[in-house]
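Written below as structure tokens is the structure these notes are about.
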Amino acid sequence: MNSIPIFRFLVLMVCLSPLGGCQTIKELFGFGVMQPKVTVLSMAVRKVTLSELDLLIQLKVDNPNGFDLEFNSLAYQVAIDEAPLANGEYKSLIKIPEESSLKIDLPLTVSTQNAFSLVQKIFNNPSHNAQVQFSALVSFKSLVGPLEFEFKESRALFKH
């Protein structure tokens, strides 16, 4: 029985234990994955017709990892005060380089019926500042395999 490798392993674990546990050890050795940060930068109207309202939502995705992430798909939804307004899916492959960020433009189509319901709700209660909720389920490829995470953000419809 060779006790020197076991002793070295135990010394290494004792030395690394104050660093914060398993996640820190994984990140030190390149096995850990830090969750990308997603920020909604803007929402803009692209086109208005009698039946639809086309919007463009711009996201910024920050990749804090020391390796590229390949963005496979994104299923997303926009709601106002928890009432669904629109949803969509983005299936283009996008590569986010290691330790950098990328802006992504997401098209979103809202039926005018839903938009008019929202406008009516706002006019009926002008003092209420409705909350816009944006949620998404994101799927990435990475060196450690497929990753999925859910993103949610809420903000006031109108800035005061």
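A note on labels: chains of the structure tokens are A, B, ... as shown, every chain counts residues from 1, and ligands are counted from 1 in their shown order.
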7 Å contact set for Lys141 in chain A, only C-alpha atoms, chain neighbours under 4 positions out, as a PDB file with N, CA, C and O atoms, in the first residue's frame:
ATOM      1  N   LEU A  69     -19.476  29.592 -24.410  1.00  0.00           N
ATOM      2  CA  LEU A  69     -20.791  28.977 -24.278  1.00  0.00           C
ATOM      3  C   LEU A  69     -21.484  29.063 -25.632  1.00  0.00           C
ATOM      4  O   LEU A  69     -21.446  30.107 -26.275  1.00  0.00           O
ATOM      5  N   GLU A  70     -22.083  27.972 -26.051  1.00  0.00           N
ATOM      6  CA  GLU A  70     -22.853  27.972 -27.287  1.00  0.00           C
ATOM      7  C   GLU A  70     -24.325  27.983 -26.921  1.00  0.00           C
ATOM      8  O   GLU A  70     -24.821  27.085 -26.259  1.00  0.00           O
ATOM      9  N   PHE A  71     -24.997  29.015 -27.367  1.00  0.00           N
ATOM     10  CA  PHE A  71     -26.389  29.270 -27.075  1.00  0.00           C
ATOM     11  C   PHE A  71     -27.223  28.501 -28.099  1.00  0.00           C
ATOM     12  O   PHE A  71     -27.152  28.775 -29.285  1.00  0.00           O
ATOM     13  N   ASN A  72     -27.977  27.491 -27.658  1.00  0.00           N
ATOM     14  CA  ASN A  72     -28.773  26.667 -28.565  1.00  0.00           C
ATOM     15  C   ASN A  72     -30.180  27.201 -28.799  1.00  0.00           C
ATOM     16  O   ASN A  72     -30.643  27.266 -29.923  1.00  0.00           O
ATOM     17  N   GLY A 145     -20.860  19.888 -20.973  1.00  0.00           N
ATOM     18  CA  GLY A 145     -22.135  19.320 -21.390  1.00  0.00           C
ATOM     19  C   GLY A 145     -23.219  20.369 -21.504  1.00  0.00           C
ATOM     20  O   GLY A 145     -22.972  21.555 -21.328  1.00  0.00           O
ATOM     21  N   PRO A 146     -24.451  19.940 -21.806  1.00  0.00           N
ATOM     22  CA  PRO A 146     -25.550  20.894 -21.957  1.00  0.00           C
ATOM     23  C   PRO A 146     -25.919  21.538 -20.625  1.00  0.00           C
ATOM     24  O   PRO A 146     -25.901  20.878 -19.587  1.00  0.00           O
ATOM     25  N   LEU A 147     -26.224  22.819 -20.669  1.00  0.00           N
ATOM     26  CA  LEU A 147     -26.631  23.569 -19.482  1.00  0.00           C
ATOM     27  C   LEU A 147     -27.958  24.243 -19.771  1.00  0.00           C
ATOM     28  O   LEU A 147     -28.189  24.718 -20.879  1.00  0.00           O
TER      29      LEU A 147
END
**Study point:** Exercise: range 91-103 of chain A partners within 12 Å, only C-alpha atoms, chain neighbours under 2 positions left out, as a ChimeraX atom specification
**Key:** /A:33-42,57-76,88-89,105-107,137-143
Review point. Quick one: residues within 12 Å of Thr49 in chain A, only C-alpha atoms counted, chain neighbours fewer than 2 positions away excluded, as a ChimeraX atom specification?
Key: /A:45-47,51-55,109-113,115
Check your understanding: Residues at most 12 Å from Ser117 in chain A, counting only C-alpha atoms, excluding those fewer than 6 positions away in the same chain, as a ChimeraX atom specification?
Key -> /A:80,83-85,110-111,123-124
Could the residues in this selection be saved with C-alpha atoms as a tab-separated table (two decimals), in the first residue's frame?
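part00.tsv, freshly written:
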chain	number	residue	atom	x	y	z
A	80	ILE	CA	-47.72	42.46	-17.47
A	83	ALA	CA	-50.85	38.25	-17.14
A	84	PRO	CA	-49.16	36.71	-20.25
A	85	LEU	CA	-48.77	39.25	-23.04
A	110	VAL	CA	-48.03	40.71	-29.46
A	111	SER	CA	-51.60	40.47	-30.64
A	123	PHE	CA	-56.29	53.91	-18.41
A	124	ASN	CA	-58.68	52.38	-15.88
**Study point:** All residues 9 Å or closer to Glu82 in chain A, only C-alpha atoms, same chain fewer than 4 positions away omitted, as a VMD selection string
**Key:** chain A and resid 78 131 to 133
Could you take the residues named above and write them with all heavy atoms, as a compact mmCIF listing (two decimals), in the first residue's frame?
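selection.txt, freshly written:
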# COMPACT_ATOMS: atom_id res chain seq x y z
N VAL A 78 -43.24 37.36 -22.06
CA VAL A 78 -43.41 38.67 -21.47
C VAL A 78 -44.82 38.73 -20.89
O VAL A 78 -45.78 38.31 -21.53
CB VAL A 78 -43.23 39.81 -22.51
CG1 VAL A 78 -43.52 41.16 -21.89
CG2 VAL A 78 -41.84 39.77 -23.10
N GLN A 131 -46.16 46.19 -13.66
CA GLN A 131 -44.84 45.55 -13.70
C GLN A 131 -44.75 44.65 -14.93
O GLN A 131 -45.65 43.87 -15.21
CB GLN A 131 -44.63 44.69 -12.45
CG GLN A 131 -44.52 45.49 -11.16
CD GLN A 131 -43.26 46.34 -11.15
OE1 GLN A 131 -42.15 45.84 -11.31
NE2 GLN A 131 -43.43 47.64 -10.94
N VAL A 132 -43.64 44.78 -15.66
CA VAL A 132 -43.37 43.94 -16.81
C VAL A 132 -42.47 42.81 -16.34
O VAL A 132 -41.43 43.07 -15.73
CB VAL A 132 -42.66 44.73 -17.94
CG1 VAL A 132 -42.34 43.81 -19.11
CG2 VAL A 132 -43.49 45.90 -18.38
N GLN A 133 -42.88 41.57 -16.61
CA GLN A 133 -42.06 40.42 -16.26
C GLN A 133 -41.54 39.80 -17.54
O GLN A 133 -42.30 39.56 -18.49
CB GLN A 133 -42.86 39.35 -15.49
CG GLN A 133 -43.32 39.78 -14.12
CD GLN A 133 -44.65 40.50 -14.14
OE1 GLN A 133 -45.50 40.26 -14.98
NE2 GLN A 133 -44.83 41.41 -13.20
Practice item. Once DSSP has gone over the backbone, tell me which residues of range 63-124 of chain A are in alpha helix (DSSP H), as a PyMOL selection string. Key: chain A and resi 112-124
Could you turn the residues from that selection into a file that holds all heavy atoms, as a CSV table (one decimal), in the first residue's frame?
chain,number,residue,atom,x,y,z
A,112,THR,N,-52.7,42.6,-31.1
A,112,THR,CA,-53.3,43.9,-30.7
A,112,THR,C,-54.4,43.8,-29.7
A,112,THR,O,-54.6,44.7,-28.9
A,112,THR,CB,-53.8,44.6,-32.0
A,112,THR,OG1,-54.7,43.8,-32.7
A,112,THR,CG2,-52.6,45.1,-32.9
A,113,GLN,N,-55.1,42.6,-29.7
A,113,GLN,CA,-56.1,42.4,-28.7
A,113,GLN,C,-55.5,42.4,-27.3
A,113,GLN,O,-56.0,43.1,-26.4
A,113,GLN,CB,-56.8,41.1,-28.9
A,113,GLN,CG,-57.9,40.8,-27.9
A,113,GLN,CD,-58.7,39.5,-28.2
A,113,GLN,OE1,-58.4,38.8,-29.1
A,113,GLN,NE2,-59.6,39.2,-27.4
A,114,ASN,N,-54.4,41.7,-27.1
A,114,ASN,CA,-53.7,41.8,-25.8
A,114,ASN,C,-53.1,43.2,-25.5
A,114,ASN,O,-53.2,43.6,-24.4
A,114,ASN,CB,-52.5,40.8,-25.8
A,114,ASN,CG,-53.0,39.3,-25.8
A,114,ASN,OD1,-54.2,39.1,-25.6
A,114,ASN,ND2,-52.0,38.4,-25.9
A,115,ALA,N,-52.6,43.8,-26.5
A,115,ALA,CA,-52.1,45.2,-26.3
A,115,ALA,C,-53.2,46.2,-25.9
A,115,ALA,O,-53.0,47.0,-25.0
A,115,ALA,CB,-51.4,45.7,-27.6
A,116,PHE,N,-54.3,46.1,-26.6
A,116,PHE,CA,-55.5,47.0,-26.2
A,116,PHE,C,-56.0,46.7,-24.8
A,116,PHE,O,-56.4,47.6,-24.1
A,116,PHE,CB,-56.6,46.9,-27.3
A,116,PHE,CG,-56.3,47.6,-28.5
A,116,PHE,CD1,-56.4,46.9,-29.8
A,116,PHE,CD2,-55.8,48.9,-28.5
A,116,PHE,CE1,-56.1,47.6,-31.0
A,116,PHE,CE2,-55.5,49.6,-29.7
A,116,PHE,CZ,-55.6,48.9,-30.9
A,117,SER,N,-56.0,45.4,-24.4
A,117,SER,CA,-56.4,45.0,-23.1
A,117,SER,C,-55.4,45.7,-22.0
A,117,SER,O,-55.9,46.2,-21.0
A,117,SER,CB,-56.4,43.5,-22.9
A,117,SER,OG,-57.3,42.9,-23.7
A,118,LEU,N,-54.2,45.7,-22.4
A,118,LEU,CA,-53.2,46.3,-21.5
A,118,LEU,C,-53.4,47.8,-21.4
A,118,LEU,O,-53.4,48.4,-20.3
A,118,LEU,CB,-51.8,46.1,-22.0
A,118,LEU,CG,-50.6,46.8,-21.3
A,118,LEU,CD1,-50.6,46.4,-19.8
A,118,LEU,CD2,-49.3,46.5,-21.9
A,119,VAL,N,-53.6,48.5,-22.5
A,119,VAL,CA,-53.9,49.9,-22.6
A,119,VAL,C,-55.1,50.3,-21.8
A,119,VAL,O,-55.1,51.2,-21.0
A,119,VAL,CB,-54.0,50.4,-24.0
A,119,VAL,CG1,-54.5,51.9,-24.1
A,119,VAL,CG2,-52.6,50.3,-24.7
A,120,GLN,N,-56.2,49.5,-21.9
A,120,GLN,CA,-57.4,49.7,-21.2
A,120,GLN,C,-57.2,49.6,-19.7
A,120,GLN,O,-57.7,50.4,-18.9
A,120,GLN,CB,-58.5,48.7,-21.6
A,120,GLN,CG,-59.8,48.9,-21.0
A,120,GLN,CD,-60.8,47.9,-21.5
A,120,GLN,OE1,-60.5,46.9,-22.0
A,120,GLN,NE2,-62.1,48.2,-21.2
A,121,LYS,N,-56.4,48.6,-19.3
A,121,LYS,CA,-56.1,48.4,-17.9
A,121,LYS,C,-55.3,49.6,-17.3
A,121,LYS,O,-55.6,50.0,-16.2
A,121,LYS,CB,-55.2,47.1,-17.7
A,121,LYS,CG,-54.9,46.7,-16.3
A,121,LYS,CD,-54.1,45.4,-16.3
A,121,LYS,CE,-53.8,45.0,-14.9
A,121,LYS,NZ,-53.1,43.7,-14.9
A,122,ILE,N,-54.4,50.1,-18.1
A,122,ILE,CA,-53.6,51.3,-17.7
A,122,ILE,C,-54.5,52.5,-17.5
A,122,ILE,O,-54.4,53.3,-16.5
A,122,ILE,CB,-52.4,51.5,-18.6
A,122,ILE,CG1,-51.4,50.4,-18.5
A,122,ILE,CG2,-51.8,52.9,-18.3
A,122,ILE,CD1,-50.3,50.4,-19.6
A,123,PHE,N,-55.4,52.7,-18.5
A,123,PHE,CA,-56.3,53.9,-18.4
A,123,PHE,C,-57.3,53.8,-17.3
A,123,PHE,O,-57.7,54.8,-16.7
A,123,PHE,CB,-57.0,54.1,-19.7
A,123,PHE,CG,-56.2,54.8,-20.8
A,123,PHE,CD1,-55.9,54.3,-22.0
A,123,PHE,CD2,-55.6,56.1,-20.5
A,123,PHE,CE1,-55.1,54.9,-22.9
A,123,PHE,CE2,-54.8,56.7,-21.4
A,123,PHE,CZ,-54.5,56.1,-22.6
A,124,ASN,N,-57.7,52.6,-17.0
A,124,ASN,CA,-58.7,52.4,-15.9
A,124,ASN,C,-58.1,52.6,-14.5
A,124,ASN,O,-58.8,52.9,-13.6
A,124,ASN,CB,-59.3,51.0,-15.9
A,124,ASN,CG,-60.3,50.8,-17.1
A,124,ASN,OD1,-60.8,51.8,-17.6
A,124,ASN,ND2,-60.5,49.6,-17.4
Exercise for review: Counting only C-alpha atoms, figure out which residue out of A:Asp81, A:Glu153, A:Tyr90, A:Val144 gets nearest to Asn129 in chain A.
Suggested key: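 For Asn129 in chain A, the nearest of the given residues is A:Asp81.
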